[in-house]
>>> print(open('query_29.cif').read())   # mmCIF, N, CA and C atoms and all ligand atoms
data_start
loop_
_atom_site.group_PDB
_atom_site.id
_atom_site.type_symbol
_atom_site.label_atom_id
_atom_site.label_comp_id
_atom_site.auth_asym_id
_atom_site.auth_seq_id
_atom_site.Cartn_x
_atom_site.Cartn_y
_atom_site.Cartn_z
ATOM 1 N N MET A 17 -77.104 86.347 236.831
ATOM 2 C CA MET A 17 -76.142 86.584 235.764
ATOM 3 C C MET A 17 -74.806 86.993 236.366
ATOM 4 N N GLU A 18 -73.749 86.569 235.707
ATOM 5 C CA GLU A 18 -72.402 86.924 236.134
ATOM 6 C C GLU A 18 -71.662 87.524 234.939
ATOM 7 N N ILE A 19 -70.985 88.630 235.141
ATOM 8 C CA ILE A 19 -70.190 89.245 234.079
ATOM 9 C C ILE A 19 -68.747 88.837 234.281
ATOM 10 N N SER A 20 -68.074 88.421 233.179
ATOM 11 C CA SER A 20 -66.687 87.991 233.299
ATOM 12 C C SER A 20 -65.887 88.460 232.096
ATOM 13 N N GLN A 21 -64.593 88.296 232.181
ATOM 14 C CA GLN A 21 -63.712 88.597 231.063
ATOM 15 C C GLN A 21 -63.750 87.432 230.073
ATOM 16 N N PRO A 22 -63.516 87.695 228.793
ATOM 17 C CA PRO A 22 -63.498 86.601 227.828
ATOM 18 C C PRO A 22 -62.356 85.628 228.104
ATOM 19 N N ALA A 23 -62.556 84.377 227.774
ATOM 20 C CA ALA A 23 -61.545 83.345 228.010
ATOM 21 C C ALA A 23 -60.401 83.432 226.996
ATOM 22 N N PHE A 24 -60.670 84.006 225.823
ATOM 23 C CA PHE A 24 -59.658 84.110 224.768
ATOM 24 C C PHE A 24 -59.462 85.582 224.396
ATOM 25 N N GLU A 25 -58.286 85.888 223.855
ATOM 26 C CA GLU A 25 -58.017 87.277 223.455
ATOM 27 C C GLU A 25 -58.747 87.644 222.174
ATOM 28 N N LYS A 26 -58.845 86.696 221.269
ATOM 29 C CA LYS A 26 -59.526 86.935 219.995
ATOM 30 C C LYS A 26 -60.482 85.782 219.705
ATOM 31 N N TYR A 27 -61.570 86.132 219.050
ATOM 32 C CA TYR A 27 -62.537 85.145 218.575
ATOM 33 C C TYR A 27 -62.681 85.336 217.073
ATOM 34 N N ILE A 28 -62.594 84.247 216.337
ATOM 35 C CA ILE A 28 -62.870 84.285 214.903
ATOM 36 C C ILE A 28 -64.158 83.497 214.691
ATOM 37 N N PHE A 29 -65.199 84.214 214.304
ATOM 38 C CA PHE A 29 -66.492 83.584 214.079
ATOM 39 C C PHE A 29 -66.681 83.355 212.579
ATOM 40 N N VAL A 30 -67.034 82.142 212.238
ATOM 41 C CA VAL A 30 -67.240 81.778 210.838
ATOM 42 C C VAL A 30 -68.687 81.321 210.668
ATOM 43 N N CYS A 31 -69.411 82.001 209.797
ATOM 44 C CA CYS A 31 -70.798 81.613 209.552
ATOM 45 C C CYS A 31 -70.838 80.282 208.815
ATOM 46 N N GLU A 32 -71.625 79.372 209.342
ATOM 47 C CA GLU A 32 -71.837 78.067 208.691
ATOM 48 C C GLU A 32 -73.317 77.833 208.429
ATOM 49 N N ASN A 33 -74.081 78.904 208.481
ATOM 50 C CA ASN A 33 -75.525 78.748 208.310
ATOM 51 C C ASN A 33 -75.870 78.248 206.909
ATOM 52 N N GLU A 34 -76.851 77.379 206.854
ATOM 53 C CA GLU A 34 -77.384 76.867 205.576
ATOM 54 C C GLU A 34 -78.751 77.483 205.363
ATOM 55 N N ARG A 35 -78.953 78.102 204.213
ATOM 56 C CA ARG A 35 -80.263 78.668 203.883
ATOM 57 C C ARG A 35 -80.883 77.866 202.749
ATOM 58 N N PRO A 36 -82.203 77.745 202.771
ATOM 59 C CA PRO A 36 -82.855 76.972 201.712
ATOM 60 C C PRO A 36 -82.675 77.576 200.325
ATOM 61 N N ASP A 37 -82.472 78.895 200.243
ATOM 62 C CA ASP A 37 -82.334 79.520 198.924
ATOM 63 C C ASP A 37 -80.898 79.466 198.390
ATOM 64 N N GLY A 38 -79.976 78.901 199.171
ATOM 65 C CA GLY A 38 -78.606 78.734 198.710
ATOM 66 C C GLY A 38 -77.722 79.945 198.900
ATOM 67 N N ARG A 39 -78.277 81.106 199.273
ATOM 68 C CA ARG A 39 -77.452 82.298 199.521
ATOM 69 C C ARG A 39 -76.934 82.192 200.953
ATOM 70 N N CYS A 40 -75.802 81.550 201.106
ATOM 71 C CA CYS A 40 -75.365 81.291 202.478
ATOM 72 C C CYS A 40 -73.879 80.957 202.517
ATOM 73 N N CYS A 41 -73.417 80.739 203.711
ATOM 74 C CA CYS A 41 -72.009 80.454 203.953
ATOM 75 C C CYS A 41 -71.758 78.958 204.024
ATOM 76 N N GLY A 42 -72.668 78.237 204.628
ATOM 77 C CA GLY A 42 -72.759 76.781 204.682
ATOM 78 C C GLY A 42 -71.488 75.966 204.608
ATOM 79 N N ARG A 43 -71.435 75.098 203.602
ATOM 80 C CA ARG A 43 -70.362 74.109 203.502
ATOM 81 C C ARG A 43 -68.990 74.767 203.376
ATOM 82 N N LEU A 44 -68.877 75.805 202.578
ATOM 83 C CA LEU A 44 -67.580 76.467 202.439
ATOM 84 C C LEU A 44 -67.182 77.131 203.762
ATOM 85 N N GLY A 45 -68.160 77.667 204.502
ATOM 86 C CA GLY A 45 -67.875 78.201 205.832
ATOM 87 C C GLY A 45 -67.280 77.134 206.739
ATOM 88 N N SER A 46 -67.798 75.930 206.659
ATOM 89 C CA SER A 46 -67.274 74.827 207.484
ATOM 90 C C SER A 46 -65.831 74.502 207.103
ATOM 91 N N GLU A 47 -65.534 74.502 205.815
ATOM 92 C CA GLU A 47 -64.167 74.227 205.363
ATOM 93 C C GLU A 47 -63.216 75.327 205.841
ATOM 94 N N ILE A 48 -63.662 76.562 205.767
ATOM 95 C CA ILE A 48 -62.841 77.692 206.219
ATOM 96 C C ILE A 48 -62.586 77.583 207.719
ATOM 97 N N ARG A 49 -63.629 77.274 208.482
ATOM 98 C CA ARG A 49 -63.460 77.142 209.942
ATOM 99 C C ARG A 49 -62.491 76.008 210.272
ATOM 100 N N ASP A 50 -62.649 74.851 209.613
ATOM 101 C CA ASP A 50 -61.756 73.727 209.890
ATOM 102 C C ASP A 50 -60.308 74.114 209.621
ATOM 103 N N LEU A 51 -60.053 74.808 208.521
ATOM 104 C CA LEU A 51 -58.681 75.188 208.182
ATOM 105 C C LEU A 51 -58.141 76.227 209.172
ATOM 106 N N LEU A 52 -58.974 77.199 209.555
ATOM 107 C CA LEU A 52 -58.540 78.183 210.560
ATOM 108 C C LEU A 52 -58.181 77.493 211.867
ATOM 109 N N LYS A 53 -58.997 76.548 212.297
ATOM 110 C CA LYS A 53 -58.720 75.824 213.543
ATOM 111 C C LYS A 53 -57.403 75.052 213.441
ATOM 112 N N GLN A 54 -57.194 74.426 212.296
ATOM 113 C CA GLN A 54 -55.963 73.664 212.093
ATOM 114 C C GLN A 54 -54.735 74.574 212.187
ATOM 115 N N ILE A 55 -54.787 75.724 211.535
ATOM 116 C CA ILE A 55 -53.641 76.634 211.536
ATOM 117 C C ILE A 55 -53.424 77.226 212.925
ATOM 118 N N VAL A 56 -54.507 77.550 213.632
ATOM 119 C CA VAL A 56 -54.380 78.065 215.002
ATOM 120 C C VAL A 56 -53.650 77.033 215.878
ATOM 121 N N ARG A 57 -54.028 75.767 215.741
ATOM 122 C CA ARG A 57 -53.351 74.709 216.518
ATOM 123 C C ARG A 57 -51.888 74.591 216.112
ATOM 124 N N GLU A 58 -51.619 74.591 214.802
ATOM 125 C CA GLU A 58 -50.249 74.427 214.308
ATOM 126 C C GLU A 58 -49.339 75.569 214.768
ATOM 127 N N ARG A 59 -49.894 76.762 214.898
ATOM 128 C CA ARG A 59 -49.095 77.914 215.326
ATOM 129 C C ARG A 59 -49.046 78.055 216.844
ATOM 130 N N GLY A 60 -49.656 77.123 217.566
ATOM 131 C CA GLY A 60 -49.628 77.158 219.023
ATOM 132 C C GLY A 60 -50.428 78.296 219.622
ATOM 133 N N LEU A 61 -51.534 78.648 218.984
ATOM 134 C CA LEU A 61 -52.325 79.810 219.407
ATOM 135 C C LEU A 61 -53.679 79.432 220.005
ATOM 136 N N ALA A 62 -53.893 78.158 220.253
ATOM 137 C CA ALA A 62 -55.225 77.701 220.660
ATOM 138 C C ALA A 62 -55.656 78.223 222.024
ATOM 139 N N ARG A 63 -54.736 78.712 222.812
ATOM 140 C CA ARG A 63 -55.119 79.285 224.112
ATOM 141 C C ARG A 63 -55.410 80.779 224.023
ATOM 142 N N LYS A 64 -55.140 81.362 222.866
ATOM 143 C CA LYS A 64 -55.351 82.805 222.697
ATOM 144 C C LYS A 64 -56.444 83.137 221.700
ATOM 145 N N ILE A 65 -56.583 82.297 220.689
ATOM 146 C CA ILE A 65 -57.560 82.558 219.634
ATOM 147 C C ILE A 65 -58.542 81.401 219.563
ATOM 148 N N ARG A 66 -59.808 81.727 219.619
ATOM 149 C CA ARG A 66 -60.865 80.724 219.526
ATOM 150 C C ARG A 66 -61.555 80.874 218.181
ATOM 151 N N VAL A 67 -61.609 79.794 217.411
ATOM 152 C CA VAL A 67 -62.324 79.779 216.145
ATOM 153 C C VAL A 67 -63.647 79.058 216.377
ATOM 154 N N SER A 68 -64.750 79.758 216.107
ATOM 155 C CA SER A 68 -66.065 79.193 216.392
ATOM 156 C C SER A 68 -67.001 79.370 215.209
ATOM 157 N N ARG A 69 -67.889 78.422 215.058
ATOM 158 C CA ARG A 69 -68.941 78.583 214.058
ATOM 159 C C ARG A 69 -70.012 79.516 214.616
ATOM 160 N N THR A 70 -70.663 80.190 213.709
ATOM 161 C CA THR A 70 -71.788 81.015 214.117
ATOM 162 C C THR A 70 -72.931 80.811 213.144
ATOM 163 N N GLY A 71 -74.087 81.232 213.570
ATOM 164 C CA GLY A 71 -75.241 81.237 212.689
ATOM 165 C C GLY A 71 -75.213 82.457 211.791
ATOM 166 N N CYS A 72 -76.306 82.728 211.157
ATOM 167 C CA CYS A 72 -76.391 83.781 210.156
ATOM 168 C C CYS A 72 -76.031 85.150 210.740
ATOM 169 N N LEU A 73 -75.178 85.872 210.003
ATOM 170 C CA LEU A 73 -74.756 87.224 210.385
ATOM 171 C C LEU A 73 -75.536 88.275 209.597
ATOM 172 N N ASP A 74 -76.512 87.829 208.832
ATOM 173 C CA ASP A 74 -77.436 88.699 208.101
ATOM 174 C C ASP A 74 -76.786 89.460 206.950
ATOM 175 N N VAL A 75 -75.721 88.895 206.403
ATOM 176 C CA VAL A 75 -75.136 89.428 205.167
ATOM 177 C C VAL A 75 -74.896 88.241 204.221
ATOM 178 N N CYS A 76 -75.904 87.415 204.112
ATOM 179 C CA CYS A 76 -75.791 86.105 203.462
ATOM 180 C C CYS A 76 -75.306 86.194 202.021
ATOM 181 N N GLN A 77 -75.806 87.160 201.271
ATOM 182 C CA GLN A 77 -75.461 87.248 199.854
ATOM 183 C C GLN A 77 -73.993 87.582 199.635
ATOM 184 N N GLN A 78 -73.267 87.951 200.714
ATOM 185 C CA GLN A 78 -71.850 88.286 200.606
ATOM 186 C C GLN A 78 -70.961 87.192 201.183
ATOM 187 N N GLY A 79 -71.539 86.049 201.518
ATOM 188 C CA GLY A 79 -70.793 84.986 202.177
ATOM 189 C C GLY A 79 -69.883 84.222 201.258
ATOM 190 N N PRO A 80 -69.065 83.398 201.868
ATOM 191 C CA PRO A 80 -68.943 83.120 203.287
ATOM 192 C C PRO A 80 -68.401 84.329 204.063
ATOM 193 N N ASN A 81 -68.922 84.491 205.265
ATOM 194 C CA ASN A 81 -68.575 85.624 206.110
ATOM 195 C C ASN A 81 -67.818 85.178 207.355
ATOM 196 N N VAL A 82 -66.799 85.983 207.713
ATOM 197 C CA VAL A 82 -65.941 85.704 208.876
ATOM 198 C C VAL A 82 -65.815 87.010 209.655
ATOM 199 N N LEU A 83 -65.786 86.898 210.975
ATOM 200 C CA LEU A 83 -65.750 88.069 211.851
ATOM 201 C C LEU A 83 -64.701 87.861 212.928
ATOM 202 N N ILE A 84 -63.810 88.830 213.105
ATOM 203 C CA ILE A 84 -62.841 88.794 214.213
ATOM 204 C C ILE A 84 -63.335 89.745 215.294
ATOM 205 N N MET A 85 -63.444 89.217 216.507
ATOM 206 C CA MET A 85 -63.812 90.023 217.672
ATOM 207 C C MET A 85 -62.717 89.892 218.730
ATOM 208 N N PRO A 86 -62.436 90.911 219.509
ATOM 209 C CA PRO A 86 -63.170 92.159 219.620
ATOM 210 C C PRO A 86 -62.768 93.220 218.607
ATOM 211 N N ASP A 87 -61.981 92.863 217.591
ATOM 212 C CA ASP A 87 -61.529 93.865 216.621
ATOM 213 C C ASP A 87 -62.666 94.367 215.725
ATOM 214 N N ASN A 88 -63.740 93.581 215.622
ATOM 215 C CA ASN A 88 -64.883 93.937 214.793
ATOM 216 C C ASN A 88 -64.469 94.122 213.327
ATOM 217 N N ILE A 89 -63.657 93.163 212.843
ATOM 218 C CA ILE A 89 -63.247 93.154 211.438
ATOM 219 C C ILE A 89 -64.070 92.085 210.728
ATOM 220 N N TRP A 90 -64.698 92.482 209.625
ATOM 221 C CA TRP A 90 -65.564 91.576 208.863
ATOM 222 C C TRP A 90 -64.903 91.264 207.535
ATOM 223 N N TYR A 91 -65.007 90.000 207.152
ATOM 224 C CA TYR A 91 -64.517 89.560 205.845
ATOM 225 C C TYR A 91 -65.694 88.973 205.082
ATOM 226 N N LYS A 92 -65.858 89.400 203.839
ATOM 227 C CA LYS A 92 -66.935 88.915 202.995
ATOM 228 C C LYS A 92 -66.337 88.121 201.845
ATOM 229 N N GLN A 93 -67.140 87.239 201.288
ATOM 230 C CA GLN A 93 -66.749 86.426 200.125
ATOM 231 C C GLN A 93 -65.397 85.749 200.368
ATOM 232 N N VAL A 94 -65.264 85.176 201.539
ATOM 233 C CA VAL A 94 -64.008 84.530 201.943
ATOM 234 C C VAL A 94 -63.838 83.212 201.192
ATOM 235 N N THR A 95 -62.590 82.943 200.821
ATOM 236 C CA THR A 95 -62.251 81.641 200.236
ATOM 237 C C THR A 95 -61.183 80.989 201.113
ATOM 238 N N ILE A 96 -60.897 79.743 200.804
ATOM 239 C CA ILE A 96 -59.853 79.010 201.519
ATOM 240 C C ILE A 96 -58.511 79.749 201.439
ATOM 241 N N HIS A 97 -58.293 80.453 200.346
ATOM 242 C CA HIS A 97 -57.027 81.163 200.140
ATOM 243 C C HIS A 97 -56.868 82.378 201.050
ATOM 244 N N ASP A 98 -57.923 82.777 201.744
ATOM 245 C CA ASP A 98 -57.884 83.970 202.605
ATOM 246 C C ASP A 98 -57.550 83.651 204.068
ATOM 247 N N VAL A 99 -57.479 82.383 204.437
ATOM 248 C CA VAL A 99 -57.408 82.055 205.864
ATOM 249 C C VAL A 99 -56.104 82.542 206.516
ATOM 250 N N ASN A 100 -54.988 82.478 205.818
ATOM 251 C CA ASN A 100 -53.739 82.953 206.425
ATOM 252 C C ASN A 100 -53.783 84.460 206.656
ATOM 253 N N ARG A 101 -54.352 85.211 205.725
ATOM 254 C CA ARG A 101 -54.505 86.654 205.897
ATOM 255 C C ARG A 101 -55.391 86.961 207.111
ATOM 256 N N ILE A 102 -56.496 86.239 207.239
ATOM 257 C CA ILE A 102 -57.412 86.453 208.368
ATOM 258 C C ILE A 102 -56.690 86.167 209.679
ATOM 259 N N LEU A 103 -55.946 85.077 209.717
ATOM 260 C CA LEU A 103 -55.237 84.734 210.946
ATOM 261 C C LEU A 103 -54.136 85.749 211.246
ATOM 262 N N ASP A 104 -53.440 86.212 210.229
ATOM 263 C CA ASP A 104 -52.428 87.249 210.438
ATOM 264 C C ASP A 104 -53.062 88.513 211.028
ATOM 265 N N ASP A 105 -54.240 88.860 210.556
ATOM 266 C CA ASP A 105 -54.946 90.024 211.110
ATOM 267 C C ASP A 105 -55.349 89.774 212.565
ATOM 268 N N ALA A 106 -55.775 88.563 212.863
ATOM 269 C CA ALA A 106 -56.190 88.232 214.236
ATOM 270 C C ALA A 106 -55.009 88.304 215.205
ATOM 271 N N LEU A 107 -53.799 88.062 214.696
ATOM 272 C CA LEU A 107 -52.610 88.094 215.560
ATOM 273 C C LEU A 107 -52.273 89.506 216.029
ATOM 274 N N LYS A 108 -52.722 90.490 215.277
ATOM 275 C CA LYS A 108 -52.400 91.877 215.636
ATOM 276 C C LYS A 108 -53.023 92.224 216.983
ATOM 277 N N GLY A 109 -52.178 92.693 217.901
ATOM 278 C CA GLY A 109 -52.672 93.102 219.200
ATOM 279 C C GLY A 109 -52.695 92.012 220.244
ATOM 280 N N LEU A 110 -52.295 90.788 219.879
ATOM 281 C CA LEU A 110 -52.227 89.735 220.901
ATOM 282 C C LEU A 110 -51.110 90.075 221.882
ATOM 283 N N SER A 111 -51.262 89.643 223.126
ATOM 284 C CA SER A 111 -50.290 89.962 224.164
ATOM 285 C C SER A 111 -48.926 89.383 223.834
ATOM 286 N N SER A 112 -48.868 88.194 223.270
ATOM 287 C CA SER A 112 -47.625 87.556 222.852
ATOM 288 C C SER A 112 -47.994 86.352 222.015
ATOM 289 N N HIS A 113 -47.010 85.662 221.484
ATOM 290 C CA HIS A 113 -47.283 84.511 220.634
ATOM 291 C C HIS A 113 -46.566 83.273 221.158
ATOM 292 N N PRO A 114 -46.762 82.921 222.428
ATOM 293 C CA PRO A 114 -46.042 81.756 222.934
ATOM 294 C C PRO A 114 -46.580 80.456 222.359
ATOM 295 N N LYS A 115 -45.714 79.476 222.284
ATOM 296 C CA LYS A 115 -46.151 78.136 221.930
ATOM 297 C C LYS A 115 -46.910 77.568 223.120
ATOM 298 N N GLU A 116 -47.863 76.695 222.828
ATOM 299 C CA GLU A 116 -48.591 76.060 223.923
ATOM 300 C C GLU A 116 -47.681 75.076 224.632
ATOM 301 N N SER A 117 -47.913 74.933 225.905
ATOM 302 C CA SER A 117 -47.127 73.952 226.663
ATOM 303 C C SER A 117 -47.776 72.608 226.603
HETATM 304 S S1 LIG A 201 -75.865 82.534 205.960
HETATM 305 FE FE1 LIG A 201 -73.936 83.383 206.518
HETATM 306 S S2 LIG A 201 -74.436 85.454 206.868
HETATM 307 FE FE2 LIG A 201 -76.377 84.577 206.532
#
>>> encode(input="query_29.cif", output="structure tokens", more="lines below")
Ligand code: FES
Amino acid sequence: MEISQPAFEKYIFVCENERPDGRCCGRLGSEIRDLLKQIVRERGLARKIRVSRTGCLDVCQQGPNVLIMPDNIWYKQVTIHDVNRILDDALKGLSSHPKES
């Protein structure tokens, strides 16, 4: 095993898990992740912020769920209308906001 520093300053994890009982983040989680990724690219932040899908975060009935790390900020019942707020929160504490080269 090797221990290393993270490749990105912030990670935004979006649950996309599908549950058979329908209490899940699933399809709407995928739409939220796609939009977050698009905005991260448009703002030139793709080298600092990584948007990734995740499996179940065990708070399914409150989904869709989004998590910013290492800030450990959780968002419940997220909609498409929340993505700019989430990204604005993720920007807090970044070393700088340069455009990608
Ligand atoms: S399905 Fe998203 S938290 Fe469980």
>>> residues_around(input="query_29.cif", residues="Phe24 in chain A", least_positions_apart="3", cutoff="8 Å", atoms="all atoms listed in the file", output="PyMOL selection string")
chain A and resi 21+27+62-66+85-86
>>> atom_distance(input="query_29.cif", atom1="CA of Leu103 in chain A", atom2="atom C of Gly38 in chain A")
26.0 Å
>>> atom_distance(input="query_29.cif", atom1="CA of Leu52 in chain A", atom2="CA of Asp74 in chain A")
21.8 Å
>>> atom_distance(input="query_29.cif", atom1="CA of Ile84 in chain A", atom2="CA of Cys40 in chain A")
18.7 Å
>>> resolve_selection(input="query_29.cif", expression="the PyMOL selection byres (((chain A and resi 48) around 8) and not hetatm)", output="ChimeraX atom specification")
/A:30,42-47,49-54,94-97,99
>>> write_last_selection(input="query_29.cif", atoms="N, CA and C atoms", output="short mmCIF file (atom, residue, chain, number, x, y, z; two decimals), keeping the file's coordinate frame")
data_model
loop_
_atom_site.label_atom_id
_atom_site.label_comp_id
_atom_site.auth_asym_id
_atom_site.auth_seq_id
_atom_site.Cartn_x
_atom_site.Cartn_y
_atom_site.Cartn_z
N VAL A 30 -67.03 82.14 212.24
CA VAL A 30 -67.24 81.78 210.84
C VAL A 30 -68.69 81.32 210.67
N GLY A 42 -72.67 78.24 204.63
CA GLY A 42 -72.76 76.78 204.68
C GLY A 42 -71.49 75.97 204.61
N ARG A 43 -71.44 75.10 203.60
CA ARG A 43 -70.36 74.11 203.50
C ARG A 43 -68.99 74.77 203.38
N LEU A 44 -68.88 75.81 202.58
CA LEU A 44 -67.58 76.47 202.44
C LEU A 44 -67.18 77.13 203.76
N GLY A 45 -68.16 77.67 204.50
CA GLY A 45 -67.88 78.20 205.83
C GLY A 45 -67.28 77.13 206.74
N SER A 46 -67.80 75.93 206.66
CA SER A 46 -67.27 74.83 207.48
C SER A 46 -65.83 74.50 207.10
N GLU A 47 -65.53 74.50 205.82
CA GLU A 47 -64.17 74.23 205.36
C GLU A 47 -63.22 75.33 205.84
N ARG A 49 -63.63 77.27 208.48
CA ARG A 49 -63.46 77.14 209.94
C ARG A 49 -62.49 76.01 210.27
N ASP A 50 -62.65 74.85 209.61
CA ASP A 50 -61.76 73.73 209.89
C ASP A 50 -60.31 74.11 209.62
N LEU A 51 -60.05 74.81 208.52
CA LEU A 51 -58.68 75.19 208.18
C LEU A 51 -58.14 76.23 209.17
N LEU A 52 -58.97 77.20 209.56
CA LEU A 52 -58.54 78.18 210.56
C LEU A 52 -58.18 77.49 211.87
N LYS A 53 -59.00 76.55 212.30
CA LYS A 53 -58.72 75.82 213.54
C LYS A 53 -57.40 75.05 213.44
N GLN A 54 -57.19 74.43 212.30
CA GLN A 54 -55.96 73.66 212.09
C GLN A 54 -54.74 74.57 212.19
N VAL A 94 -65.26 85.18 201.54
CA VAL A 94 -64.01 84.53 201.94
C VAL A 94 -63.84 83.21 201.19
N THR A 95 -62.59 82.94 200.82
CA THR A 95 -62.25 81.64 200.24
C THR A 95 -61.18 80.99 201.11
N ILE A 96 -60.90 79.74 200.80
CA ILE A 96 -59.85 79.01 201.52
C ILE A 96 -58.51 79.75 201.44
N HIS A 97 -58.29 80.45 200.35
CA HIS A 97 -57.03 81.16 200.14
C HIS A 97 -56.87 82.38 201.05
N VAL A 99 -57.48 82.38 204.44
CA VAL A 99 -57.41 82.06 205.86
C VAL A 99 -56.10 82.54 206.52
#
>>> select_by_dssp(input="query_29.cif", residues="range 59-104 of chain A", states="helix (DSSP H, G or I)", output="PyMOL selection string")
chain A and resi 76-78+96-104
>>> resolve_selection(input="query_29.cif", expression="the PyMOL selection byres (((not hetatm)) within 5 of (chain A and resi 201))", output="number ranges by chain")
A: 31, 33, 40-41, 72-76
>>> resolve_selection(input="query_29.cif", expression="the PyMOL selection byres (((chain A and resi 107-112 and name CA) around 10) and not hetatm and name CA)", output="PDB file with N, CA and C atoms, keeping the file's coordinate frame")
ATOM      1  N   GLU A  25     -58.286  85.888 223.855  1.00  0.00           N
ATOM      2  CA  GLU A  25     -58.017  87.277 223.455  1.00  0.00           C
ATOM      3  C   GLU A  25     -58.747  87.644 222.174  1.00  0.00           C
ATOM      4  N   LYS A  26     -58.845  86.696 221.269  1.00  0.00           N
ATOM      5  CA  LYS A  26     -59.526  86.935 219.995  1.00  0.00           C
ATOM      6  C   LYS A  26     -60.482  85.782 219.705  1.00  0.00           C
ATOM      7  N   LEU A  61     -51.534  78.648 218.984  1.00  0.00           N
ATOM      8  CA  LEU A  61     -52.325  79.810 219.407  1.00  0.00           C
ATOM      9  C   LEU A  61     -53.679  79.432 220.005  1.00  0.00           C
ATOM     10  N   LYS A  64     -55.140  81.362 222.866  1.00  0.00           N
ATOM     11  CA  LYS A  64     -55.351  82.805 222.697  1.00  0.00           C
ATOM     12  C   LYS A  64     -56.444  83.137 221.700  1.00  0.00           C
ATOM     13  N   ILE A  65     -56.583  82.297 220.689  1.00  0.00           N
ATOM     14  CA  ILE A  65     -57.560  82.558 219.634  1.00  0.00           C
ATOM     15  C   ILE A  65     -58.542  81.401 219.563  1.00  0.00           C
ATOM     16  N   ASP A  87     -61.981  92.863 217.591  1.00  0.00           N
ATOM     17  CA  ASP A  87     -61.529  93.865 216.621  1.00  0.00           C
ATOM     18  C   ASP A  87     -62.666  94.367 215.725  1.00  0.00           C
ATOM     19  N   ARG A 101     -54.352  85.211 205.725  1.00  0.00           N
ATOM     20  CA  ARG A 101     -54.505  86.654 205.897  1.00  0.00           C
ATOM     21  C   ARG A 101     -55.391  86.961 207.111  1.00  0.00           C
ATOM     22  N   ILE A 102     -56.496  86.239 207.239  1.00  0.00           N
ATOM     23  CA  ILE A 102     -57.412  86.453 208.368  1.00  0.00           C
ATOM     24  C   ILE A 102     -56.690  86.167 209.679  1.00  0.00           C
ATOM     25  N   LEU A 103     -55.946  85.077 209.717  1.00  0.00           N
ATOM     26  CA  LEU A 103     -55.237  84.734 210.946  1.00  0.00           C
ATOM     27  C   LEU A 103     -54.136  85.749 211.246  1.00  0.00           C
ATOM     28  N   ASP A 104     -53.440  86.212 210.229  1.00  0.00           N
ATOM     29  CA  ASP A 104     -52.428  87.249 210.438  1.00  0.00           C
ATOM     30  C   ASP A 104     -53.062  88.513 211.028  1.00  0.00           C
ATOM     31  N   ASP A 105     -54.240  88.860 210.556  1.00  0.00           N
ATOM     32  CA  ASP A 105     -54.946  90.024 211.110  1.00  0.00           C
ATOM     33  C   ASP A 105     -55.349  89.774 212.565  1.00  0.00           C
ATOM     34  N   ALA A 106     -55.775  88.563 212.863  1.00  0.00           N
ATOM     35  CA  ALA A 106     -56.190  88.232 214.236  1.00  0.00           C
ATOM     36  C   ALA A 106     -55.009  88.304 215.205  1.00  0.00           C
ATOM     37  N   HIS A 113     -47.010  85.662 221.484  1.00  0.00           N
ATOM     38  CA  HIS A 113     -47.283  84.511 220.634  1.00  0.00           C
ATOM     39  C   HIS A 113     -46.566  83.273 221.158  1.00  0.00           C
ATOM     40  N   PRO A 114     -46.762  82.921 222.428  1.00  0.00           N
ATOM     41  CA  PRO A 114     -46.042  81.756 222.934  1.00  0.00           C
ATOM     42  C   PRO A 114     -46.580  80.456 222.359  1.00  0.00           C
ATOM     43  N   LYS A 115     -45.714  79.476 222.284  1.00  0.00           N
ATOM     44  CA  LYS A 115     -46.151  78.136 221.930  1.00  0.00           C
ATOM     45  C   LYS A 115     -46.910  77.568 223.120  1.00  0.00           C
TER      46      LYS A 115
END
